[in-house]
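final_33.cif (mmCIF, C-alpha atoms)
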```cif
data_start
#
loop_
_atom_site.group_PDB
_atom_site.id
_atom_site.type_symbol
_atom_site.label_atom_id
_atom_site.label_comp_id
_atom_site.auth_asym_id
_atom_site.auth_seq_id
_atom_site.Cartn_x
_atom_site.Cartn_y
_atom_site.Cartn_z
ATOM 1 C CA MET A 1 35.011 14.581 -21.569
ATOM 2 C CA SER A 2 35.611 17.527 -23.928
ATOM 3 C CA VAL A 3 32.656 19.274 -25.449
ATOM 4 C CA HIS A 4 32.920 21.470 -28.533
ATOM 5 C CA LEU A 5 30.343 24.033 -29.555
ATOM 6 C CA GLY A 6 29.533 24.452 -33.237
ATOM 7 C CA THR A 7 29.890 28.053 -34.391
ATOM 8 C CA ARG A 8 26.966 28.148 -36.800
ATOM 9 C CA SER A 9 24.501 25.366 -36.127
ATOM 10 C CA GLY A 10 24.343 25.781 -32.365
ATOM 11 C CA ARG A 11 24.990 22.053 -31.956
ATOM 12 C CA VAL A 12 27.084 20.439 -29.255
ATOM 13 C CA THR A 13 29.563 17.787 -30.391
ATOM 14 C CA ASP A 14 30.407 15.034 -27.935
ATOM 15 C CA PRO A 15 33.512 13.137 -29.093
ATOM 16 C CA SER A 16 33.067 10.402 -26.469
ATOM 17 C CA SER A 17 29.559 9.455 -27.491
ATOM 18 C CA ARG A 18 30.719 6.992 -30.164
ATOM 19 C CA PRO A 19 33.473 4.358 -30.116
ATOM 20 C CA GLY A 20 36.753 5.706 -31.385
ATOM 21 C CA GLY A 21 35.989 9.242 -30.257
ATOM 22 C CA GLU A 22 33.923 10.137 -33.341
ATOM 23 C CA ALA A 23 32.039 13.328 -32.602
ATOM 24 C CA VAL A 24 28.244 13.308 -32.471
ATOM 25 C CA SER A 25 26.232 16.486 -32.764
ATOM 26 C CA VAL A 26 23.782 17.154 -29.944
ATOM 27 C CA THR A 27 21.419 20.067 -30.218
ATOM 28 C CA PRO A 28 20.333 22.098 -27.188
ATOM 29 C CA ASP A 29 16.880 20.559 -27.647
ATOM 30 C CA ASP A 30 18.446 17.090 -27.383
ATOM 31 C CA ALA A 31 20.173 18.067 -24.150
ATOM 32 C CA ARG A 32 16.974 19.500 -22.709
ATOM 33 C CA THR A 33 15.099 16.345 -23.649
ATOM 34 C CA ARG A 34 17.683 14.173 -21.907
ATOM 35 C CA THR A 35 17.562 16.376 -18.825
ATOM 36 C CA MET A 36 13.763 16.203 -18.808
ATOM 37 C CA ARG A 37 13.820 12.431 -19.138
ATOM 38 C CA THR A 38 16.277 12.203 -16.253
ATOM 39 C CA ALA A 39 14.108 14.469 -14.088
ATOM 40 C CA ILE A 40 11.005 12.448 -14.905
ATOM 41 C CA GLY A 41 12.849 9.237 -14.050
ATOM 42 C CA VAL A 42 13.960 10.601 -10.676
ATOM 43 C CA ALA A 43 10.438 11.855 -9.940
ATOM 44 C CA ASN A 44 8.991 8.443 -10.824
ATOM 45 C CA ASP A 45 11.463 6.783 -8.478
ATOM 46 C CA TYR A 46 10.400 8.990 -5.587
ATOM 47 C CA VAL A 47 6.742 8.313 -6.344
ATOM 48 C CA THR A 48 7.563 4.602 -6.379
ATOM 49 C CA LEU A 49 8.934 4.923 -2.853
ATOM 50 C CA THR A 50 5.432 5.894 -1.672
ATOM 51 C CA LYS A 51 3.927 2.599 -2.960
ATOM 52 C CA PRO A 52 1.059 4.328 -4.820
ATOM 53 C CA ARG A 53 -0.764 1.150 -5.860
ATOM 54 C CA ILE A 54 -1.142 0.080 -2.243
ATOM 55 C CA ILE A 55 -2.152 3.579 -1.160
ATOM 56 C CA SER A 56 -4.972 3.766 -3.695
ATOM 57 C CA LEU A 57 -6.784 0.909 -1.959
ATOM 58 C CA LEU A 58 -6.075 2.347 1.489
ATOM 59 C CA LEU A 59 -7.516 5.707 0.445
ATOM 60 C CA LEU A 60 -10.613 4.010 -0.919
ATOM 61 C CA THR A 61 -11.281 2.367 2.449
ATOM 62 C CA CYS A 62 -10.661 5.713 4.125
ATOM 63 C CA VAL A 63 -13.059 7.698 1.919
ATOM 64 C CA ALA A 64 -15.729 4.995 1.928
ATOM 65 C CA THR A 65 -15.616 4.937 5.724
ATOM 66 C CA MET A 66 -16.088 8.706 5.766
ATOM 67 C CA PHE A 67 -19.460 8.170 4.069
ATOM 68 C CA VAL A 68 -20.278 5.277 6.398
ATOM 69 C CA ALA A 69 -19.643 7.544 9.366
ATOM 70 C CA ASP A 70 -21.492 10.502 7.825
ATOM 71 C CA PRO A 71 -24.076 9.228 5.311
ATOM 72 C CA GLY A 72 -24.946 12.780 4.340
ATOM 73 C CA GLY A 73 -21.434 13.173 3.043
ATOM 74 C CA PRO A 74 -18.547 15.143 4.567
ATOM 75 C CA ALA A 75 -17.544 18.459 3.025
ATOM 76 C CA LEU A 76 -15.544 18.067 -0.167
ATOM 77 C CA SER A 77 -12.679 20.020 1.373
ATOM 78 C CA THR A 78 -12.549 17.566 4.280
ATOM 79 C CA ILE A 79 -12.407 14.620 1.881
ATOM 80 C CA LEU A 80 -9.636 16.196 -0.192
ATOM 81 C CA TRP A 81 -7.528 17.260 2.785
ATOM 82 C CA THR A 82 -7.922 13.798 4.334
ATOM 83 C CA CYS A 83 -6.888 12.112 1.102
ATOM 84 C CA LEU A 84 -3.834 14.347 0.792
ATOM 85 C CA GLY A 85 -2.750 13.758 4.369
ATOM 86 C CA GLY A 86 -3.507 10.062 4.108
ATOM 87 C CA TYR A 87 -1.400 9.737 0.988
ATOM 88 C CA LEU A 88 1.498 11.621 2.545
ATOM 89 C CA ALA A 89 1.396 9.550 5.730
ATOM 90 C CA ALA A 90 1.121 6.196 3.964
ATOM 91 C CA GLY A 91 3.671 7.294 1.381
ATOM 92 C CA GLY A 92 6.088 8.319 4.095
ATOM 93 C CA ALA A 93 5.695 4.936 5.751
ATOM 94 C CA GLY A 94 6.286 3.230 2.417
ATOM 95 C CA ALA A 95 9.462 5.215 1.737
ATOM 96 C CA ILE A 96 10.864 4.467 5.191
ATOM 97 C CA ASN A 97 10.009 0.799 4.627
ATOM 98 C CA HIS A 98 12.019 0.921 1.387
ATOM 99 C CA TYR A 99 14.955 2.341 3.364
ATOM 100 C CA ILE A 100 14.834 -0.283 6.090
ATOM 101 C CA GLU A 101 14.494 -3.206 3.696
ATOM 102 C CA ARG A 102 16.778 -1.985 0.887
ATOM 103 C CA GLU A 103 19.427 -4.690 1.403
ATOM 104 C CA ARG A 104 16.879 -7.479 1.639
ATOM 105 C CA ASP A 105 15.002 -6.085 -1.358
ATOM 106 C CA ALA A 106 18.202 -6.205 -3.415
ATOM 107 C CA ARG A 107 18.321 -9.998 -2.941
ATOM 108 C CA MET A 108 14.707 -10.602 -3.990
ATOM 109 C CA ALA A 109 13.734 -10.839 -7.645
ATOM 110 C CA ARG A 110 10.422 -9.053 -7.069
ATOM 111 C CA THR A 111 11.998 -6.029 -5.373
ATOM 112 C CA ALA A 112 15.552 -5.828 -6.728
ATOM 113 C CA GLU A 113 14.694 -2.932 -9.045
ATOM 114 C CA ARG A 114 13.186 -0.736 -6.343
ATOM 115 C CA PRO A 115 14.842 2.715 -6.257
ATOM 116 C CA LEU A 116 16.809 2.212 -3.036
ATOM 117 C CA ALA A 117 17.586 -1.465 -3.575
ATOM 118 C CA SER A 118 18.995 -0.749 -7.034
ATOM 119 C CA GLY A 119 20.916 2.322 -5.896
ATOM 120 C CA ARG A 120 19.057 4.815 -8.089
ATOM 121 C CA ILE A 121 18.279 6.845 -4.965
ATOM 122 C CA GLU A 122 20.731 7.221 -2.103
ATOM 123 C CA PRO A 123 19.467 5.580 1.114
ATOM 124 C CA ARG A 124 19.737 8.745 3.212
ATOM 125 C CA ARG A 125 17.725 10.672 0.638
ATOM 126 C CA GLY A 126 15.027 8.018 0.700
ATOM 127 C CA LEU A 127 14.883 8.102 4.487
ATOM 128 C CA LEU A 128 14.744 11.906 4.531
ATOM 129 C CA PHE A 129 12.004 11.858 1.903
ATOM 130 C CA GLY A 130 9.865 9.402 3.875
ATOM 131 C CA THR A 131 10.377 11.188 7.188
ATOM 132 C CA THR A 132 9.518 14.533 5.633
ATOM 133 C CA LEU A 133 6.309 13.175 4.110
ATOM 134 C CA GLY A 134 5.253 11.760 7.462
ATOM 135 C CA VAL A 135 5.899 14.978 9.372
ATOM 136 C CA VAL A 136 4.140 17.091 6.745
ATOM 137 C CA ALA A 137 1.167 14.697 6.774
ATOM 138 C CA VAL A 138 0.645 14.964 10.525
ATOM 139 C CA ILE A 139 0.942 18.766 10.519
ATOM 140 C CA GLN A 140 -1.341 19.131 7.508
ATOM 141 C CA LEU A 141 -4.047 16.850 8.918
ATOM 142 C CA TRP A 142 -3.851 18.602 12.286
ATOM 143 C CA ILE A 143 -4.365 22.022 10.696
ATOM 144 C CA THR A 144 -6.858 21.170 7.937
ATOM 145 C CA VAL A 145 -8.894 18.323 9.468
ATOM 146 C CA ASN A 146 -8.537 17.685 13.208
ATOM 147 C CA ALA A 147 -6.064 16.510 15.820
ATOM 148 C CA LEU A 148 -7.522 13.002 16.186
ATOM 149 C CA THR A 149 -7.196 12.343 12.466
ATOM 150 C CA ALA A 150 -3.573 13.486 12.569
ATOM 151 C CA ALA A 151 -2.832 11.289 15.593
ATOM 152 C CA LEU A 152 -4.361 8.219 13.966
ATOM 153 C CA ALA A 153 -2.387 8.782 10.764
ATOM 154 C CA ALA A 154 0.789 9.116 12.819
ATOM 155 C CA ALA A 155 -0.061 5.910 14.697
ATOM 156 C CA GLY A 156 -0.494 4.074 11.411
ATOM 157 C CA LEU A 157 2.864 5.292 10.115
ATOM 158 C CA LEU A 158 4.742 4.483 13.312
ATOM 159 C CA GLY A 159 3.029 1.118 13.644
ATOM 160 C CA TYR A 160 3.946 0.107 10.111
ATOM 161 C CA VAL A 161 7.564 1.191 10.451
ATOM 162 C CA PHE A 162 8.417 0.168 13.990
ATOM 163 C CA VAL A 163 5.927 -2.541 14.978
ATOM 164 C CA TYR A 164 5.590 -4.378 11.671
ATOM 165 C CA THR A 165 8.736 -3.694 9.615
ATOM 166 C CA LEU A 166 11.380 -3.494 12.339
ATOM 167 C CA TRP A 167 9.965 -5.738 15.063
ATOM 168 C CA LEU A 168 7.456 -8.314 13.810
ATOM 169 C CA LYS A 169 8.447 -9.045 10.209
ATOM 170 C CA PRO A 170 11.931 -10.421 10.921
ATOM 171 C CA ARG A 171 10.847 -12.335 14.045
ATOM 172 C CA THR A 172 7.552 -14.196 13.688
ATOM 173 C CA PRO A 173 5.421 -15.882 11.005
ATOM 174 C CA GLN A 174 2.446 -14.114 12.593
ATOM 175 C CA ASN A 175 3.941 -10.779 11.548
ATOM 176 C CA ILE A 176 1.205 -9.949 9.066
ATOM 177 C CA VAL A 177 -1.531 -10.859 11.564
ATOM 178 C CA LEU A 178 -0.209 -8.788 14.463
ATOM 179 C CA GLY A 179 1.093 -6.034 12.217
ATOM 180 C CA GLY A 180 -2.146 -5.790 10.283
ATOM 181 C CA ALA A 181 -3.419 -3.110 12.649
ATOM 182 C CA ALA A 182 -1.184 -0.534 10.957
ATOM 183 C CA GLY A 183 -2.713 -1.235 7.555
ATOM 184 C CA ALA A 184 -6.199 -1.104 9.065
ATOM 185 C CA MET A 185 -5.814 2.479 10.325
ATOM 186 C CA PRO A 186 -7.184 4.296 7.213
ATOM 187 C CA PRO A 187 -10.836 3.505 8.065
ATOM 188 C CA LEU A 188 -10.321 4.966 11.543
ATOM 189 C CA VAL A 189 -8.665 8.007 9.968
ATOM 190 C CA GLY A 190 -11.674 8.425 7.693
ATOM 191 C CA TRP A 191 -14.172 8.050 10.537
ATOM 192 C CA ALA A 192 -12.357 10.596 12.692
ATOM 193 C CA ALA A 193 -12.087 13.014 9.777
ATOM 194 C CA ALA A 194 -15.808 12.804 9.032
ATOM 195 C CA THR A 195 -17.111 13.014 12.592
ATOM 196 C CA GLY A 196 -14.314 14.438 14.724
ATOM 197 C CA GLY A 197 -14.358 11.377 16.976
ATOM 198 C CA LEU A 198 -14.566 7.589 17.158
ATOM 199 C CA THR A 199 -17.356 5.270 18.248
ATOM 200 C CA LEU A 200 -17.518 1.516 18.762
ATOM 201 C CA GLU A 201 -19.089 1.199 15.309
ATOM 202 C CA ALA A 202 -15.876 2.579 13.821
ATOM 203 C CA LEU A 203 -14.229 -0.695 14.787
ATOM 204 C CA TRP A 204 -16.174 -2.627 12.124
ATOM 205 C CA PRO A 205 -14.400 -1.202 9.065
ATOM 206 C CA PHE A 206 -11.122 -1.383 11.007
ATOM 207 C CA ALA A 207 -11.734 -5.063 11.818
ATOM 208 C CA ILE A 208 -12.653 -5.879 8.233
ATOM 209 C CA VAL A 209 -9.307 -4.609 6.914
ATOM 210 C CA PHE A 210 -7.478 -6.213 9.838
ATOM 211 C CA PHE A 211 -8.871 -9.708 9.146
ATOM 212 C CA TRP A 212 -8.660 -9.274 5.371
ATOM 213 C CA THR A 213 -4.910 -8.649 5.516
ATOM 214 C CA PRO A 214 -3.683 -12.192 6.400
ATOM 215 C CA PRO A 215 -5.398 -14.130 3.588
ATOM 216 C CA HIS A 216 -4.563 -11.358 1.130
ATOM 217 C CA PHE A 217 -0.887 -11.236 2.037
ATOM 218 C CA TRP A 218 -0.436 -14.975 2.504
ATOM 219 C CA ALA A 219 -1.722 -15.531 -1.036
ATOM 220 C CA LEU A 220 1.068 -13.231 -2.210
ATOM 221 C CA SER A 221 3.625 -14.914 0.043
ATOM 222 C CA LEU A 222 2.848 -18.262 -1.585
ATOM 223 C CA LEU A 223 3.940 -16.727 -4.883
ATOM 224 C CA ILE A 224 7.254 -15.392 -3.558
ATOM 225 C CA SER A 225 8.070 -17.818 -0.753
ATOM 226 C CA ASP A 226 11.439 -18.638 -2.357
ATOM 227 C CA ASP A 227 12.487 -14.999 -2.063
ATOM 228 C CA TYR A 228 11.457 -14.915 1.587
ATOM 229 C CA ALA A 229 13.340 -18.136 2.301
ATOM 230 C CA ARG A 230 16.476 -16.815 0.600
ATOM 231 C CA THR A 231 16.435 -13.580 2.600
ATOM 232 C CA GLY A 232 15.529 -15.155 5.939
ATOM 233 C CA VAL A 233 12.096 -13.550 6.390
ATOM 234 C CA PRO A 234 9.970 -15.936 8.511
ATOM 235 C CA MET A 235 6.771 -15.687 6.480
ATOM 236 C CA LEU A 236 4.199 -18.388 7.133
ATOM 237 C CA PRO A 237 4.899 -20.513 3.993
ATOM 238 C CA VAL A 238 8.612 -20.547 4.835
ATOM 239 C CA VAL A 239 8.242 -21.454 8.512
ATOM 240 C CA ARG A 240 5.098 -23.606 8.579
ATOM 241 C CA GLY A 241 4.884 -24.750 4.967
ATOM 242 C CA GLU A 242 2.511 -24.030 2.114
ATOM 243 C CA THR A 243 -0.150 -26.534 3.193
ATOM 244 C CA THR A 244 -0.508 -24.872 6.593
ATOM 245 C CA THR A 245 -0.610 -21.489 4.887
ATOM 246 C CA ARG A 246 -3.458 -22.557 2.610
ATOM 247 C CA HIS A 247 -5.426 -23.853 5.598
ATOM 248 C CA GLN A 248 -4.849 -20.568 7.426
ATOM 249 C CA ILE A 249 -6.036 -18.641 4.373
ATOM 250 C CA VAL A 250 -9.325 -20.559 4.407
ATOM 251 C CA PHE A 251 -9.714 -20.056 8.168
ATOM 252 C CA TYR A 252 -9.161 -16.301 7.974
ATOM 253 C CA ALA A 253 -11.386 -15.993 4.914
ATOM 254 C CA LEU A 254 -14.243 -17.591 6.860
ATOM 255 C CA LEU A 255 -13.496 -15.417 9.869
ATOM 256 C CA LEU A 256 -13.476 -12.355 7.638
ATOM 257 C CA VAL A 257 -16.917 -13.133 6.230
ATOM 258 C CA ALA A 258 -18.251 -13.491 9.769
ATOM 259 C CA ILE A 259 -16.766 -10.104 10.667
ATOM 260 C CA THR A 260 -18.358 -8.451 7.630
ATOM 261 C CA ILE A 261 -21.791 -9.414 8.929
ATOM 262 C CA GLY A 262 -21.155 -7.579 12.198
ATOM 263 C CA PRO A 263 -22.193 -4.115 10.915
ATOM 264 C CA VAL A 264 -25.617 -5.534 10.036
ATOM 265 C CA ILE A 265 -26.094 -7.148 13.450
ATOM 266 C CA THR A 266 -25.370 -3.857 15.238
ATOM 267 C CA GLY A 267 -27.543 -1.822 12.874
ATOM 268 C CA LEU A 268 -24.782 0.152 11.194
ATOM 269 C CA CYS A 269 -25.625 -1.301 7.766
ATOM 270 C CA GLY A 270 -28.728 -2.817 6.218
ATOM 271 C CA THR A 271 -29.973 -5.437 3.796
ATOM 272 C CA ALA A 272 -28.259 -4.104 0.664
ATOM 273 C CA TYR A 273 -24.870 -4.300 2.322
ATOM 274 C CA LEU A 274 -25.645 -7.746 3.770
ATOM 275 C CA VAL A 275 -26.421 -9.152 0.320
ATOM 276 C CA ALA A 276 -23.201 -7.684 -1.070
ATOM 277 C CA ALA A 277 -21.115 -8.913 1.876
ATOM 278 C CA LEU A 278 -22.446 -12.459 1.588
ATOM 279 C CA ALA A 279 -22.032 -12.587 -2.193
ATOM 280 C CA LEU A 280 -18.516 -11.186 -2.111
ATOM 281 C CA GLY A 281 -17.623 -13.366 0.855
ATOM 282 C CA ALA A 282 -18.861 -16.504 -0.898
ATOM 283 C CA GLY A 283 -16.629 -15.708 -3.852
ATOM 284 C CA PHE A 284 -13.624 -15.004 -1.635
ATOM 285 C CA VAL A 285 -14.024 -18.181 0.416
ATOM 286 C CA GLY A 286 -14.643 -20.146 -2.776
ATOM 287 C CA LEU A 287 -11.312 -19.026 -4.230
ATOM 288 C CA ALA A 288 -9.574 -19.887 -0.958
ATOM 289 C CA LEU A 289 -11.085 -23.383 -1.041
ATOM 290 C CA VAL A 290 -9.997 -23.839 -4.657
ATOM 291 C CA LEU A 291 -6.452 -22.924 -3.629
ATOM 292 C CA LEU A 292 -6.642 -25.447 -0.778
ATOM 293 C CA ALA A 293 -7.997 -28.264 -2.919
ATOM 294 C CA HIS A 294 -5.929 -27.562 -6.035
ATOM 295 C CA PRO A 295 -2.704 -25.813 -5.020
ATOM 296 C CA SER A 296 -1.056 -23.897 -7.836
ATOM 297 C CA ARG A 297 0.545 -20.564 -8.566
ATOM 298 C CA PRO A 298 -2.364 -19.447 -10.788
ATOM 299 C CA ALA A 299 -4.817 -20.212 -7.977
ATOM 300 C CA ALA A 300 -2.734 -18.227 -5.492
ATOM 301 C CA ARG A 301 -2.392 -15.325 -7.917
ATOM 302 C CA ARG A 302 -6.131 -15.372 -8.617
ATOM 303 C CA LEU A 303 -6.932 -15.211 -4.910
ATOM 304 C CA TYR A 304 -4.398 -12.431 -4.331
ATOM 305 C CA LEU A 305 -5.725 -10.233 -7.133
ATOM 306 C CA SER A 306 -9.350 -10.995 -6.308
ATOM 307 C CA SER A 307 -8.788 -10.003 -2.690
ATOM 308 C CA LEU A 308 -8.022 -6.458 -3.847
ATOM 309 C CA ALA A 309 -11.311 -6.222 -5.722
ATOM 310 C CA TYR A 310 -13.126 -7.877 -2.817
ATOM 311 C CA LEU A 311 -12.083 -5.241 -0.303
ATOM 312 C CA ALA A 312 -12.760 -2.332 -2.637
ATOM 313 C CA LEU A 313 -16.247 -3.564 -3.564
ATOM 314 C CA LEU A 314 -17.111 -4.379 0.047
ATOM 315 C CA PHE A 315 -16.319 -0.856 1.241
ATOM 316 C CA VAL A 316 -18.170 0.708 -1.673
ATOM 317 C CA ALA A 317 -21.183 -1.438 -0.809
ATOM 318 C CA MET A 318 -20.990 -0.337 2.817
ATOM 319 C CA ALA A 319 -20.895 3.337 1.839
ATOM 320 C CA LEU A 320 -23.763 2.991 -0.671
ATOM 321 C CA ASP A 321 -25.886 1.108 1.847
ATOM 322 C CA ARG A 322 -25.499 3.939 4.333
ATOM 323 C CA ALA A 323 -26.412 6.499 1.679
ATOM 324 C CA LEU A 324 -29.639 4.728 0.687
#
```
Structure re-expressed in structure tokens:
Amino acid sequence: MSVHLGTRSGRVTDPSSRPGGEAVSVTPDDARTRTMRTAIGVANDYVTLTKPRIISLLLLTCVATMFVADPGGPALSTILWTCLGGYLAAGGAGAINHYIERERDARMARTAERPLASGRIEPRRGLLFGTTLGVVAVIQLWITVNALTAALAAAGLLGYVFVYTLWLKPRTPQNIVLGGAAGAMPPLVGWAAATGGLTLEALWPFAIVFFWTPPHFWALSLLISDDYARTGVPMLPVVRGETTTRHQIVFYALLLVAITIGPVITGLCGTAYLVAALALGAGFVGLALVLLAHPSRPAARRLYLSSLAYLALLFVAMALDRAL
């Protein structure tokens, strides 16, 4: 492509920018704007690799657990450093997940436009990006928070990548149940960051996220079961059918509500949290029963979206109860 510089106006003429080779004037400001838009697009793609919407909920459970572990409130610097390291670790895991699943993602309507699946970012760059984030996260948490927090963040990253994505997901319909431990690590990270250690009571917030994950994810899988079937992923609706999946959602929703009462029984939380847990749990189970009795995509979508609010509100209630 030949480019000609105007002698007086300072414009750039691009003869290939219109059919027939007609020249179009492009000012330096136009070129800078295009470059800026390209840079912003690339930056957005890399941010997308970190799965920021998922991380926001994970960080909320992490920070809320910090206040459960230390009702007086950890130092602001500890909270900020933990959030930074937590984002980097979870973001690194997300980027590596994008790399591993890029070919499968390209065949699924929901994920075909992801940066690696669509080819906007080269696979090796995505892998390097994710690995770098993970390494930086562990080092940063080790230096600024403590070694246990760094080790737990590393365990979450490795568990998500190797145990869930590489091993369980392509092999068993129970992948999200067994692999849920990786997604339940943020509360343990928060507890360790706030106190420097772990106690048996730290297992309650971990268990809540662990048992919340199956009904949450199975509601989503009901919405995209055709994609999973087409790509050969043995998700529960594909292998066991949608009816079995809806029954399992109800079972795990009931089990989850029972687990949420555990912190009250052991004295970690009090009456305010109990009221919130029962009210939120009744709503969650109610939506699961509606999905069972009246199967539909809107009912599955409603349960999926409501499960996000359920978990966020439950952890906020737990933190507020401890602060009262």
Using all atoms listed in the file, which residues sit within 7 Å of Leu157 in chain A once same-chain residues fewer than 2 positions away are excluded, as a PyMOL selection string? chain A and resi 89-90+93+153-155+159-161
Any chance you could resolve the PyMOL selection byres ((chain A and resi 263) around 10) against this file and give the residues as a ChimeraX atom specification? /A:201-205,259-262,264-270,273-274,318
Would you list the contacts of Tyr252 in chain A as a VMD selection string, taking every protein, DNA or RNA residue within 8 Å and counting all atoms listed in the file, but skipping same-chain residues closer than 5 positions in sequence? chain A and resid 211 to 212 214 to 215
Just say which residues the PyMOL selection byres ((chain A and resi 136-152) around 7) picks in this file, as a PyMOL selection string. chain A and resi 78+81-82+85+88-89+132-135+153-156+185+189+192-193+196
Dump as a PDB file, in the coordinates of the input, selection limited to C-alpha atoms:
```pdb
ATOM      1  CA  THR A  78     -12.549  17.566   4.280  1.00  0.00           C
ATOM      2  CA  TRP A  81      -7.528  17.260   2.785  1.00  0.00           C
ATOM      3  CA  THR A  82      -7.922  13.798   4.334  1.00  0.00           C
ATOM      4  CA  GLY A  85      -2.750  13.758   4.369  1.00  0.00           C
ATOM      5  CA  LEU A  88       1.498  11.621   2.545  1.00  0.00           C
ATOM      6  CA  ALA A  89       1.396   9.550   5.730  1.00  0.00           C
ATOM      7  CA  THR A 132       9.518  14.533   5.633  1.00  0.00           C
ATOM      8  CA  LEU A 133       6.309  13.175   4.110  1.00  0.00           C
ATOM      9  CA  GLY A 134       5.253  11.760   7.462  1.00  0.00           C
ATOM     10  CA  VAL A 135       5.899  14.978   9.372  1.00  0.00           C
ATOM     11  CA  ALA A 153      -2.387   8.782  10.764  1.00  0.00           C
ATOM     12  CA  ALA A 154       0.789   9.116  12.819  1.00  0.00           C
ATOM     13  CA  ALA A 155      -0.061   5.910  14.697  1.00  0.00           C
ATOM     14  CA  GLY A 156      -0.494   4.074  11.411  1.00  0.00           C
ATOM     15  CA  MET A 185      -5.814   2.479  10.325  1.00  0.00           C
ATOM     16  CA  VAL A 189      -8.665   8.007   9.968  1.00  0.00           C
ATOM     17  CA  ALA A 192     -12.357  10.596  12.692  1.00  0.00           C
ATOM     18  CA  ALA A 193     -12.087  13.014   9.777  1.00  0.00           C
ATOM     19  CA  GLY A 196     -14.314  14.438  14.724  1.00  0.00           C
TER      20      GLY A 196
END
```
Provide the CA of Asp45 in chain A to CA of Ile96 in chain A distance in Å, to one decimal place.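 Pair CA of Asp45 in chain A / CA of Ile96 in chain A returns 13.9 Å.
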Between CA of Leu308 in chain A and CA of Gly94 in chain A, what is the spacing in Å?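 These two atoms are separated by 18.4 Å.
Nearest to Ala277 in chain A of all the residues A:Leu305, A:Met235, A:Val63, A:Val257 is A:Val257, counting all atoms listed in the file.
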Return as a PyMOL selection string the set of residues that the PyMOL selection byres ((chain A and resi 283-287) around 12) yields on the displayed structure. chain A and resi 212+215-216+219+246-258+276-282+288-296+298-311+313-314
